[in-house]
$ cat work_17.cif   # mmCIF, C-alpha atoms
data_protein
loop_
_atom_site.label_atom_id
_atom_site.label_comp_id
_atom_site.auth_asym_id
_atom_site.auth_seq_id
_atom_site.Cartn_x
_atom_site.Cartn_y
_atom_site.Cartn_z
CA MET Y 1 -258.99 136.86 -88.85
CA GLU Y 2 -257.38 134.23 -86.68
CA ALA Y 3 -259.36 131.06 -86.12
CA PRO Y 4 -260.32 130.20 -82.55
CA ARG Y 5 -257.56 128.19 -80.87
CA PRO Y 6 -259.51 124.98 -80.25
CA ARG Y 7 -260.63 124.83 -83.87
CA ARG Y 8 -257.09 125.46 -85.07
CA ARG Y 9 -255.80 122.68 -82.83
CA VAL Y 10 -258.36 120.27 -84.25
CA ALA Y 11 -257.37 121.24 -87.78
CA VAL Y 12 -253.69 120.73 -87.07
CA ALA Y 13 -254.31 117.37 -85.38
CA LEU Y 14 -256.45 116.18 -88.29
CA ALA Y 15 -253.88 117.38 -90.82
CA VAL Y 16 -251.09 115.50 -89.06
CA MET Y 17 -253.15 112.32 -88.87
CA LEU Y 18 -254.12 112.60 -92.53
CA ALA Y 19 -250.51 113.13 -93.57
CA LEU Y 20 -249.48 110.11 -91.53
CA LEU Y 21 -252.26 108.06 -93.06
CA ALA Y 22 -251.30 109.09 -96.58
CA ALA Y 23 -247.67 108.17 -95.99
CA ALA Y 24 -248.63 104.92 -94.34
CA ILE Y 25 -250.98 103.93 -97.15
CA GLY Y 26 -248.10 104.27 -99.58
CA VAL Y 27 -245.94 102.10 -97.38
CA SER Y 28 -248.68 99.54 -96.89
CA ARG Y 29 -249.00 99.14 -100.64
CA LEU Y 30 -245.32 98.29 -100.83
CA VAL Y 31 -245.73 95.90 -97.95
CA SER Y 32 -248.80 94.26 -99.49
CA ALA Y 33 -247.13 93.82 -102.83
CA ASP Y 34 -244.51 91.49 -101.52
CA ARG Y 35 -245.99 90.33 -98.24
CA GLU Y 36 -245.57 86.69 -99.08
CA VAL Y 37 -241.88 87.26 -99.68
CA ALA Y 38 -241.72 88.93 -96.31
CA ALA Y 39 -242.41 85.63 -94.65
CA ALA Y 40 -238.96 84.60 -93.59
CA GLY Y 41 -237.91 81.36 -95.14
CA GLY Y 42 -240.45 81.48 -97.90
CA PRO Y 43 -239.17 81.30 -101.44
CA PRO Y 44 -240.10 84.16 -103.74
CA GLU Y 45 -243.61 84.00 -105.11
CA THR Y 46 -242.22 84.40 -108.61
CA SER Y 47 -240.73 80.92 -108.55
CA PRO Y 48 -243.29 78.35 -109.64
CA PRO Y 49 -244.43 76.08 -106.86
CA SER Y 50 -243.60 72.46 -107.33
CA VAL Y 51 -247.08 71.45 -106.27
CA ALA Y 52 -250.34 73.29 -106.32
CA PRO Y 53 -251.13 75.06 -103.06
CA ALA Y 54 -253.21 72.78 -100.90
CA SER Y 55 -255.98 75.31 -100.44
CA VAL Y 56 -256.27 76.38 -104.05
CA GLY Y 57 -257.53 74.55 -107.11
CA THR Y 58 -259.15 71.82 -105.14
CA THR Y 59 -260.32 68.70 -106.87
CA THR Y 60 -260.82 66.12 -104.19
CA THR Y 61 -261.72 65.96 -100.56
CA ALA Y 62 -259.08 65.18 -98.02
CA ARG Y 63 -259.19 62.10 -95.87
CA ALA Y 64 -260.76 63.53 -92.79
CA PRO Y 65 -259.37 62.52 -89.43
CA THR Y 66 -261.84 60.53 -87.42
CA THR Y 67 -262.26 63.23 -84.80
CA VAL Y 68 -263.01 65.99 -87.28
CA PRO Y 69 -266.70 66.75 -87.70
CA PRO Y 70 -267.90 66.70 -91.33
CA SER Y 71 -268.44 70.44 -91.32
CA THR Y 72 -264.74 71.03 -90.85
CA GLU Y 73 -263.59 68.89 -93.76
CA VAL Y 74 -261.41 70.79 -96.15
CA SER Y 75 -260.57 70.18 -99.76
CA VAL Y 76 -257.00 69.74 -100.80
CA THR Y 77 -255.04 68.93 -103.87
CA PRO Y 78 -254.08 65.27 -104.11
CA THR Y 79 -250.77 64.54 -102.53
CA ALA Y 80 -247.86 65.19 -104.86
CA PRO Y 81 -244.83 63.54 -103.37
CA ALA Y 82 -242.45 63.90 -106.28
CA VAL Y 83 -240.59 67.17 -106.37
CA THR Y 84 -239.85 67.63 -110.05
CA GLU Y 85 -238.25 71.08 -110.00
CA PRO Y 86 -235.42 72.34 -107.84
CA ILE Y 87 -236.56 74.58 -105.01
CA ASP Y 88 -234.37 77.17 -103.37
CA PRO Y 89 -233.50 75.82 -99.94
CA PRO Y 90 -235.15 77.90 -97.22
CA PRO Y 91 -232.54 79.79 -95.19
CA VAL Y 92 -231.49 78.57 -91.78
CA LEU Y 93 -232.90 81.10 -89.31
CA ARG Y 94 -231.61 79.33 -86.20
CA GLU Y 95 -229.24 76.40 -85.96
CA GLU Y 96 -231.19 74.92 -83.06
CA HIS Y 97 -234.77 75.54 -82.03
CA PRO Y 98 -235.34 76.83 -78.48
CA PRO Y 99 -236.39 74.23 -75.89
CA LEU Y 100 -239.89 73.50 -74.66
CA LYS Y 101 -239.62 75.24 -71.31
CA GLU Y 102 -241.52 74.03 -68.25
CA ILE Y 103 -244.43 72.66 -70.23
CA ASP Y 104 -247.37 70.92 -68.57
CA GLY Y 105 -247.58 67.94 -70.88
CA TRP Y 106 -248.67 66.77 -74.30
CA LEU Y 107 -252.11 65.96 -75.69
CA GLN Y 108 -252.83 63.28 -78.34
CA SER Y 109 -249.16 62.58 -78.83
CA ASP Y 110 -246.91 59.53 -78.92
CA VAL Y 111 -243.85 61.70 -78.34
CA THR Y 112 -242.96 63.90 -75.41
CA SER Y 113 -240.22 66.07 -76.90
CA LEU Y 114 -239.35 67.76 -80.16
CA GLU Y 115 -236.08 65.83 -80.24
CA GLU Y 116 -238.06 62.63 -80.79
CA LEU Y 117 -239.30 64.15 -84.04
CA ARG Y 118 -235.83 64.47 -85.57
CA GLY Y 119 -235.92 63.13 -89.09
CA LYS Y 120 -239.30 64.73 -89.70
CA VAL Y 121 -240.20 68.19 -90.91
CA VAL Y 122 -242.10 69.81 -88.07
CA ILE Y 123 -244.46 72.77 -88.12
CA VAL Y 124 -244.52 74.34 -84.67
CA GLU Y 125 -247.53 76.57 -84.24
CA PHE Y 126 -248.13 78.77 -81.23
CA TRP Y 127 -251.87 79.14 -80.67
CA THR Y 128 -254.62 79.36 -78.16
CA PHE Y 129 -258.15 78.17 -78.77
CA GLY Y 130 -259.83 81.50 -78.08
CA CYS Y 131 -257.64 83.36 -80.55
CA TYR Y 132 -259.58 84.57 -83.58
CA ASN Y 133 -256.61 84.55 -85.94
CA CYS Y 134 -255.39 81.16 -84.71
CA LYS Y 135 -258.77 79.71 -85.66
CA ASN Y 136 -258.56 81.34 -89.07
CA ARG Y 137 -255.26 79.54 -89.68
CA LEU Y 138 -256.62 76.11 -88.79
CA PRO Y 139 -258.17 75.13 -92.15
CA TYR Y 140 -254.84 75.74 -93.86
CA THR Y 141 -252.97 73.81 -91.22
CA GLN Y 142 -255.43 70.93 -91.59
CA ASP Y 143 -254.92 71.01 -95.36
CA ILE Y 144 -251.17 70.84 -95.16
CA TYR Y 145 -251.27 68.13 -92.50
CA ALA Y 146 -253.54 65.97 -94.63
CA ALA Y 147 -251.42 66.50 -97.73
CA TYR Y 148 -247.94 65.93 -96.31
CA ARG Y 149 -248.27 63.92 -93.13
CA ASP Y 150 -247.53 60.66 -94.90
CA GLN Y 151 -244.37 62.14 -96.40
CA GLY Y 152 -242.77 62.98 -93.08
CA LEU Y 153 -244.50 66.14 -91.91
CA GLU Y 154 -245.55 66.52 -88.29
CA ILE Y 155 -247.32 69.41 -86.65
CA VAL Y 156 -246.93 70.40 -83.02
CA GLY Y 157 -249.35 72.97 -81.67
CA ILE Y 158 -248.09 74.77 -78.62
CA HIS Y 159 -251.13 75.91 -76.70
CA SER Y 160 -250.14 79.09 -74.84
CA PRO Y 161 -253.26 80.54 -73.20
CA GLU Y 162 -253.84 84.25 -73.44
CA PHE Y 163 -256.62 84.36 -70.86
CA ALA Y 164 -257.53 82.38 -67.78
CA TYR Y 165 -260.45 80.54 -69.37
CA GLU Y 166 -258.07 79.08 -71.96
CA LYS Y 167 -255.97 77.33 -69.31
CA GLU Y 168 -258.45 74.59 -68.44
CA VAL Y 169 -257.32 71.29 -69.97
CA ASP Y 170 -260.90 70.09 -70.45
CA ALA Y 171 -261.70 73.25 -72.38
CA ILE Y 172 -258.60 72.79 -74.52
CA VAL Y 173 -259.50 69.18 -75.30
CA GLU Y 174 -263.07 70.16 -76.15
CA ALA Y 175 -261.82 72.96 -78.40
CA MET Y 176 -259.35 70.65 -80.17
CA ASP Y 177 -262.18 68.26 -80.94
CA ARG Y 178 -264.51 71.03 -82.06
CA LEU Y 179 -261.91 72.78 -84.20
CA GLY Y 180 -260.44 69.64 -85.76
CA VAL Y 181 -256.99 69.82 -84.22
CA THR Y 182 -255.70 66.28 -84.76
CA TRP Y 183 -251.98 66.83 -84.26
CA PRO Y 184 -250.00 66.71 -81.02
CA VAL Y 185 -250.48 69.67 -78.72
CA VAL Y 186 -248.09 70.88 -76.03
CA LEU Y 187 -249.59 72.49 -72.94
CA ASP Y 188 -247.72 75.71 -72.24
CA THR Y 189 -250.01 76.95 -69.50
CA ASP Y 190 -247.69 79.61 -68.09
CA ARG Y 191 -246.45 80.69 -71.52
CA ARG Y 192 -242.83 79.98 -70.64
CA THR Y 193 -242.19 78.25 -73.95
CA PHE Y 194 -244.10 81.05 -75.70
CA ARG Y 195 -241.62 83.58 -74.23
CA GLU Y 196 -238.62 81.33 -74.68
CA TRP Y 197 -239.22 80.97 -78.41
CA GLN Y 198 -240.50 84.42 -79.24
CA GLY Y 199 -238.98 86.75 -76.65
CA SER Y 200 -240.63 90.16 -76.80
CA PRO Y 201 -242.85 90.95 -78.55
CA ALA Y 202 -244.71 87.63 -78.73
CA TYR Y 203 -247.79 86.99 -80.82
CA TRP Y 204 -250.59 84.53 -81.50
CA PRO Y 205 -250.47 82.76 -83.86
CA ARG Y 206 -246.84 82.28 -84.81
CA THR Y 207 -245.63 79.53 -87.07
CA TYR Y 208 -242.16 78.01 -87.29
CA VAL Y 209 -240.95 75.15 -89.45
CA LEU Y 210 -238.13 72.89 -88.27
CA ASP Y 211 -236.17 70.82 -90.74
CA ARG Y 212 -235.26 67.18 -90.20
CA SER Y 213 -232.28 68.27 -88.09
CA GLY Y 214 -234.29 70.57 -85.84
CA ARG Y 215 -233.09 73.82 -87.40
CA VAL Y 216 -235.57 76.68 -87.74
CA ARG Y 217 -236.20 77.33 -91.45
CA PHE Y 218 -239.42 79.37 -91.43
CA ASP Y 219 -240.93 81.94 -89.09
CA HIS Y 220 -244.16 83.85 -89.63
CA ILE Y 221 -246.35 85.91 -87.33
CA GLY Y 222 -250.12 85.84 -87.66
CA GLU Y 223 -252.33 84.63 -90.46
CA GLY Y 224 -251.19 84.38 -94.05
CA ALA Y 225 -248.01 83.25 -95.84
CA TYR Y 226 -249.74 79.92 -96.53
CA ARG Y 227 -248.10 79.53 -99.92
CA ALA Y 228 -244.66 80.28 -98.49
CA LEU Y 229 -245.32 77.79 -95.69
CA GLU Y 230 -246.25 75.02 -98.07
CA ASP Y 231 -243.33 75.76 -100.36
CA THR Y 232 -241.03 75.58 -97.35
CA VAL Y 233 -242.50 72.27 -96.22
CA VAL Y 234 -242.15 70.82 -99.73
CA ALA Y 235 -238.54 72.00 -99.98
CA LEU Y 236 -237.63 70.61 -96.56
CA LEU Y 237 -239.32 67.29 -97.22
CA ALA Y 238 -237.19 67.01 -100.35
CA GLU Y 239 -233.97 67.54 -98.38
CA ALA Y 240 -232.05 64.42 -97.49
CA PRO Y 241 -232.60 63.27 -93.90
CA MET A 242 -255.27 99.81 -98.28
CA SER A 243 -255.80 96.19 -97.35
CA LEU A 244 -253.90 96.82 -94.12
CA LEU A 245 -256.34 99.58 -93.23
CA VAL A 246 -259.32 97.38 -94.08
CA GLU A 247 -257.94 94.64 -91.84
CA ALA A 248 -257.44 97.21 -89.07
CA LEU A 249 -261.02 98.44 -89.41
CA ARG A 250 -262.26 94.87 -89.10
CA SER A 251 -260.15 94.23 -86.03
CA ALA A 252 -261.38 97.49 -84.47
CA LEU A 253 -264.64 95.65 -83.79
CA LEU A 254 -262.96 92.62 -82.20
CA PRO A 255 -262.12 92.17 -78.52
CA CYS A 256 -258.42 92.56 -79.18
CA SER A 257 -259.08 96.27 -79.69
CA TYR A 258 -261.33 96.86 -76.71
CA SER A 259 -258.48 97.84 -74.39
CA ILE A 260 -257.44 100.66 -76.72
CA LEU A 261 -261.02 101.86 -77.06
CA LEU A 262 -261.53 101.82 -73.30
CA MET A 263 -258.45 103.94 -72.65
CA ALA A 264 -259.36 106.42 -75.38
CA LEU A 265 -262.87 106.81 -73.99
CA VAL A 266 -261.63 107.46 -70.47
CA LEU A 267 -259.21 110.09 -71.78
CA LEU A 268 -261.90 111.81 -73.82
CA GLY A 269 -264.10 111.97 -70.74
CA LEU A 270 -261.34 113.42 -68.60
CA ARG A 271 -260.55 116.50 -70.69
CA LYS A 272 -262.59 119.45 -71.82
CA ARG A 273 -264.14 119.75 -75.24
CA GLY A 274 -261.45 121.94 -76.78
CA GLU A 275 -258.62 119.63 -75.72
CA ARG A 276 -259.98 116.31 -76.87
CA ALA A 277 -258.44 116.29 -80.36
CA GLU A 278 -255.02 116.91 -78.84
CA VAL A 279 -255.60 114.20 -76.25
CA LEU A 280 -256.62 111.68 -78.89
CA GLY A 281 -253.61 112.56 -81.06
CA LEU A 282 -251.15 112.19 -78.17
CA PHE A 283 -252.79 108.94 -77.11
CA TYR A 284 -252.44 107.65 -80.67
CA LEU A 285 -248.76 108.61 -80.88
CA GLY A 286 -248.01 106.94 -77.54
CA THR A 287 -249.83 103.78 -78.66
CA VAL A 288 -247.96 103.58 -81.96
CA LEU A 289 -244.59 104.16 -80.32
CA LEU A 290 -244.98 101.51 -77.64
CA ALA A 291 -246.59 99.00 -79.98
CA TRP A 292 -243.57 99.38 -82.26
CA LEU A 293 -240.65 99.70 -79.83
CA PRO A 294 -240.53 95.99 -78.89
CA LEU A 295 -240.01 95.16 -82.56
CA ALA A 296 -236.92 97.36 -82.42
CA GLY A 297 -235.68 95.36 -79.47
CA VAL A 298 -236.74 97.82 -76.77
CA ASP A 299 -238.88 96.26 -74.07
CA LEU A 300 -240.06 98.82 -71.52
CA MET A 301 -241.84 96.15 -69.46
CA LEU A 302 -245.08 98.11 -69.42
CA ASP A 303 -246.96 94.87 -69.85
CA HIS A 304 -245.84 93.91 -66.36
CA ARG A 305 -248.41 94.80 -63.75
CA LEU A 306 -246.35 97.13 -61.59
CA GLY A 307 -244.64 99.06 -64.39
CA GLY A 308 -247.85 99.27 -66.34
CA ALA A 309 -249.88 100.47 -63.37
CA VAL A 310 -247.33 103.18 -62.53
CA VAL A 311 -247.17 104.56 -66.07
CA LEU A 312 -250.91 104.28 -66.58
CA GLY A 313 -251.64 105.85 -63.19
CA ALA A 314 -249.29 108.75 -63.89
CA GLY A 315 -250.82 109.27 -67.33
CA LEU A 316 -254.39 109.21 -66.08
CA ALA A 317 -253.55 111.49 -63.13
CA LEU A 318 -252.02 114.01 -65.53
CA ALA A 319 -254.95 113.69 -67.90
CA ALA A 320 -257.35 114.34 -65.04
CA ALA A 321 -255.40 117.34 -63.78
CA PRO A 322 -257.06 120.73 -64.17
CA PHE A 323 -254.04 122.45 -65.70
CA ARG A 324 -253.60 122.72 -69.44
CA PRO A 325 -250.35 120.68 -69.92
CA GLY A 326 -252.16 117.75 -68.33
CA THR A 327 -253.19 116.67 -71.81
CA GLY A 328 -249.68 115.20 -72.11
CA GLY A 329 -250.78 112.40 -69.83
CA ALA A 330 -252.60 110.97 -72.84
CA ALA A 331 -249.24 109.99 -74.35
CA LEU A 332 -248.43 107.91 -71.25
CA VAL A 333 -251.83 106.25 -71.31
CA GLY A 334 -251.26 105.55 -75.00
CA ALA A 335 -247.88 104.06 -74.15
CA PHE A 336 -249.56 101.66 -71.73
CA ALA A 337 -252.24 100.80 -74.28
CA GLY A 338 -249.62 100.15 -76.96
CA ALA A 339 -247.42 98.06 -74.68
CA THR A 340 -250.29 95.87 -73.47
CA TRP A 341 -252.09 95.64 -76.79
CA VAL A 342 -252.43 92.08 -78.03
CA PRO A 343 -253.36 92.58 -81.68
CA CYS A 344 -255.49 90.39 -83.87
CA VAL A 345 -252.74 89.39 -86.26
CA GLY A 346 -254.41 88.96 -89.61
CA PRO A 347 -252.50 88.35 -92.84
CA GLU A 348 -251.63 92.00 -93.45
CA LEU A 349 -250.48 92.87 -89.95
CA GLY A 350 -248.75 89.48 -89.81
CA SER A 351 -246.64 90.42 -92.80
CA VAL A 352 -245.78 93.78 -91.28
CA LEU A 353 -244.76 92.22 -87.96
CA THR A 354 -242.80 89.40 -89.58
CA ARG A 355 -240.87 91.87 -91.68
CA GLY A 356 -240.51 94.13 -88.66
CA LEU A 357 -238.53 91.46 -86.85
CA SER A 358 -235.66 91.97 -89.32
CA GLU A 359 -236.40 95.55 -90.43
CA PRO A 360 -238.01 97.37 -87.48
CA ALA A 361 -237.84 100.82 -89.08
CA GLY A 362 -239.92 99.65 -92.01
CA ALA A 363 -242.73 98.63 -89.67
CA VAL A 364 -243.33 102.08 -88.15
CA LEU A 365 -245.60 103.56 -90.79
CA PRO A 366 -247.60 100.40 -91.49
CA MET A 367 -248.18 100.01 -87.75
CA ALA A 368 -249.21 103.66 -87.54
CA LEU A 369 -251.70 103.07 -90.32
CA TYR A 370 -253.02 99.92 -88.70
CA LEU A 371 -253.48 101.61 -85.34
CA ALA A 372 -255.22 104.54 -87.04
CA GLY A 373 -257.74 102.00 -88.31
CA VAL A 374 -258.08 100.42 -84.88
CA MET A 375 -258.76 103.86 -83.43
CA VAL A 376 -261.55 104.73 -85.84
CA PRO A 377 -264.27 103.93 -83.25
CA SER A 378 -262.50 106.21 -80.76
CA ALA A 379 -262.32 108.97 -83.37
CA LEU A 380 -266.01 108.55 -84.19
CA ILE A 381 -266.91 108.87 -80.53
CA TYR A 382 -264.72 111.97 -80.35
CA LEU A 383 -266.52 113.48 -83.35
CA LEU A 384 -269.89 112.64 -81.82
CA ALA A 385 -268.91 114.35 -78.59
CA ALA A 386 -267.56 117.34 -80.49
CA LYS A 387 -270.44 117.87 -82.90
CA ASP A 388 -273.50 116.63 -81.09
CA ALA A 389 -274.74 119.19 -78.61
CA GLY A 390 -276.56 116.60 -76.50
CA SER A 391 -273.46 114.41 -76.13
CA ALA A 392 -271.32 117.43 -75.32
CA LYS A 393 -273.81 118.55 -72.67
CA PHE A 394 -273.90 115.07 -71.17
CA LEU A 395 -270.10 114.86 -70.95
CA ALA A 396 -269.95 118.30 -69.36
CA ARG A 397 -272.18 117.32 -66.44
CA PRO A 398 -270.27 117.40 -63.14
CA ARG A 399 -271.49 113.92 -62.19
CA VAL A 400 -270.33 112.45 -65.47
CA ARG A 401 -266.94 114.12 -65.14
CA VAL A 402 -266.57 112.71 -61.64
CA GLY A 403 -267.59 109.31 -62.98
CA PHE A 404 -264.78 109.38 -65.52
CA LYS A 405 -262.31 110.32 -62.79
CA VAL A 406 -263.46 107.41 -60.64
CA VAL A 407 -263.05 104.99 -63.55
CA ALA A 408 -259.62 106.51 -64.26
CA ALA A 409 -258.60 105.92 -60.65
CA LEU A 410 -259.85 102.34 -60.69
CA ILE A 411 -258.11 101.19 -63.85
CA PRO A 412 -254.53 101.26 -62.47
CA VAL A 413 -255.80 99.37 -59.41
CA ALA A 414 -257.38 96.81 -61.74
CA VAL A 415 -254.10 96.50 -63.63
CA ILE A 416 -252.03 95.84 -60.55
CA THR A 417 -254.49 93.32 -59.10
CA GLY A 418 -254.89 91.46 -62.38
CA ALA A 419 -258.58 92.33 -62.65
CA TYR A 420 -257.91 94.29 -65.82
CA ASP A 421 -256.46 91.18 -67.50
CA ARG A 422 -259.47 89.17 -66.36
CA LEU A 423 -261.87 91.77 -67.71
CA VAL A 424 -260.21 91.75 -71.12
CA GLY A 425 -260.17 87.96 -71.03
CA GLU A 426 -263.86 87.80 -70.25
CA LEU A 427 -264.67 90.14 -73.13
CA ALA A 428 -262.65 87.90 -75.43
CA ARG A 429 -264.43 84.79 -74.15
CA LEU A 430 -267.87 86.31 -74.63
CA SER A 431 -266.97 87.43 -78.11
CA ASN A 432 -265.90 83.93 -79.08
CA LEU A 433 -269.13 82.29 -78.04
#
$ encode --input "work_17.cif" --output "structure tokens"
Amino acid sequence: MEAPRPRRRVAVALAVMLALLAAAIGVSRLVSADREVAAAGGPPETSPPSVAPASVGTTTTARAPTTVPPSTEVSVTPTAPAVTEPIDPPPVLREEHPPLKEIDGWLQSDVTSLEELRGKVVIVEFWTFGCYNCKNRLPYTQDIYAAYRDQGLEIVGIHSPEFAYEKEVDAIVEAMDRLGVTWPVVLDTDRRTFREWQGSPAYWPRTYVLDRSGRVRFDHIGEGAYRALEDTVVALLAEAP
Amino acid sequence: MSLLVEALRSALLPCSYSILLMALVLLGLRKRGERAEVLGLFYLGTVLLAWLPLAGVDLMLDHRLGGAVVLGAGLALAAAPFRPGTGGAALVGAFAGATWVPCVGPELGSVLTRGLSEPAGAVLPMALYLAGVMVPSALIYLLAAKDAGSAKFLARPRVRVGFKVVAALIPVAVITGAYDRLVGELARLSNL
């Protein structure tokens, strides 16, 4: 006897969704297995890192910036400036980084353009203070800043608000203090730089690394790829200016 | 599986509220026997439009006018009394997918990063992720389908009219920017 039509439709819809889920789970396993490799610019995880990851195997406490509350202190491995093993150079993803387009200024910065940071390795991080995943990235960013700042690393946070309440400068400054953001921040209120760099689709957070010549050598969307990021920074710091 | 777990976690965060809202309105607009189909079409539309930009196709649905037109057409179809009106759910899903700002955790981040260079490889992982995001919508669907009280409530003429009024207001909210502000306020409250 034929099943009632609505029930049959439900069964077919559920079967299709289950089949899709089953196929997708298989794919996601493949993706998960090598997700760190998927981070463009990151060396393969199989190659031994030249230094221990900053957020793993902690033995000492980082020198906390004066504006960071004690609760946000993070532990890092002691700085290891000497690169003792050769590291595969991260690929050049773009010969020249896109410009900062129609920005509204800089916060806690001595420079007013990325060009002034030539000669340094620069992590450019698109974020907004209300973004859940951006906040999850911050402890790792603080770790890497504490570990490599003295060796020529700079971080530039590009604050591109997602919602209206994130556009207020006072709120941004308060959030930077509360979250322990001690690096220079660019105000990208109308998200023009956000679009200029990422095009469509554009995401929060997104992390790029520029080498000493301003070339883009790393690009990752969202949380994660922390090991690949650090390996890239180490490799680029080791490159001749 | 970790991608699905991450999706389930993000289903409870504000970044997923817009998808949940659209799914709820669609479920309220159609009759009991059509809701599974509506949810499935909505899901397919969401996956497609969330993925297409990775493949270099930007349909500009995140712009107010284009978004309001597609969303309005989808909701009007979904509210129509004739049977093929369920197809409007795909258009509403397209709007939801195009305007979705995901919580990009480590797993989805890897999928999206890889998708920039290999868009085809991102389709199934994104479908899986969005299936996880839509779990609350599916649970509400099941509740409405299995629970006699919920089904009776949704079948009330006043409730059905209420859903139609909300459906008519959403495109207006999109075009005036109120929809963006609403989503922003939900995000702000959730971050307190």
$ resolve_selection --input "work_17.cif" --expression "the PyMOL selection byres ((chain A and resi 269) around 7)" --output "NGL selection string"
:A and (265-268 or 270-271 or 395 or 401 or 404)
$ resolve_selection --input "work_17.cif" --expression "the PyMOL selection byres ((chain A) within 6 of (chain Y))" --output "NGL selection string"
:A and (274 or 277 or 294 or 345-347 or 350-351 or 354-355 or 365-366 or 369 or 425)
$ atom_distance --input "work_17.cif" --atom1 "CA of Ala331 (chain A)" --atom2 "CA of Arg195 (chain Y)"
27.5 Å
$ residues_around --input "work_17.cif" --residues "Asp211 (chain Y)" --least-positions-apart "2" --cutoff "7 Å" --atoms "all atoms listed in the file" --output "VMD selection string"
chain Y and resid 120 to 122 209 213 to 217 236
$ closest_residue --input "work_17.cif" --among "A:Ala252, A:Leu290, A:Ala414, A:Leu383" --to "Leu332 (chain A)" --atoms "all atoms listed in the file"
A:Leu290
$ atom_distance --input "work_17.cif" --atom1 "CA of Tyr148 (chain Y)" --atom2 "CA of Thr112 (chain Y)"
21.6 Å
$ decode --input "work_17.cif" --residues "region 285-311 of chain A" --atoms "C-alpha atoms" --output "compact mmCIF listing (two decimals), in the first residue's frame"
# COMPACT_ATOMS: atom_id res chain seq x y z
CA LEU A 285 19.69 24.05 -0.52
CA GLY A 286 19.29 27.74 -1.35
CA THR A 287 21.34 28.69 1.72
CA VAL A 288 24.17 26.29 0.88
CA LEU A 289 24.30 27.40 -2.74
CA LEU A 290 24.46 31.12 -2.02
CA ALA A 291 26.85 30.72 0.90
CA TRP A 292 29.19 28.84 -1.43
CA LEU A 293 28.86 30.71 -4.73
CA PRO A 294 30.98 33.72 -3.68
CA LEU A 295 33.86 31.35 -2.98
CA ALA A 296 33.59 30.26 -6.61
CA GLY A 297 33.86 33.89 -7.67
CA VAL A 298 30.14 34.46 -8.26
CA ASP A 299 28.78 37.45 -6.39
CA LEU A 300 25.03 37.84 -6.87
CA MET A 301 24.95 41.01 -4.76
CA LEU A 302 22.14 39.69 -2.58
CA ASP A 303 23.83 41.24 0.41
CA HIS A 304 23.02 44.64 -1.04
CA ARG A 305 19.79 46.03 0.32
CA LEU A 306 17.83 46.41 -2.89
CA GLY A 307 18.82 43.11 -4.50
CA GLY A 308 18.38 41.28 -1.24
CA ALA A 309 14.96 42.80 -0.55
CA VAL A 310 13.71 41.94 -4.05
CA VAL A 311 14.82 38.30 -3.88
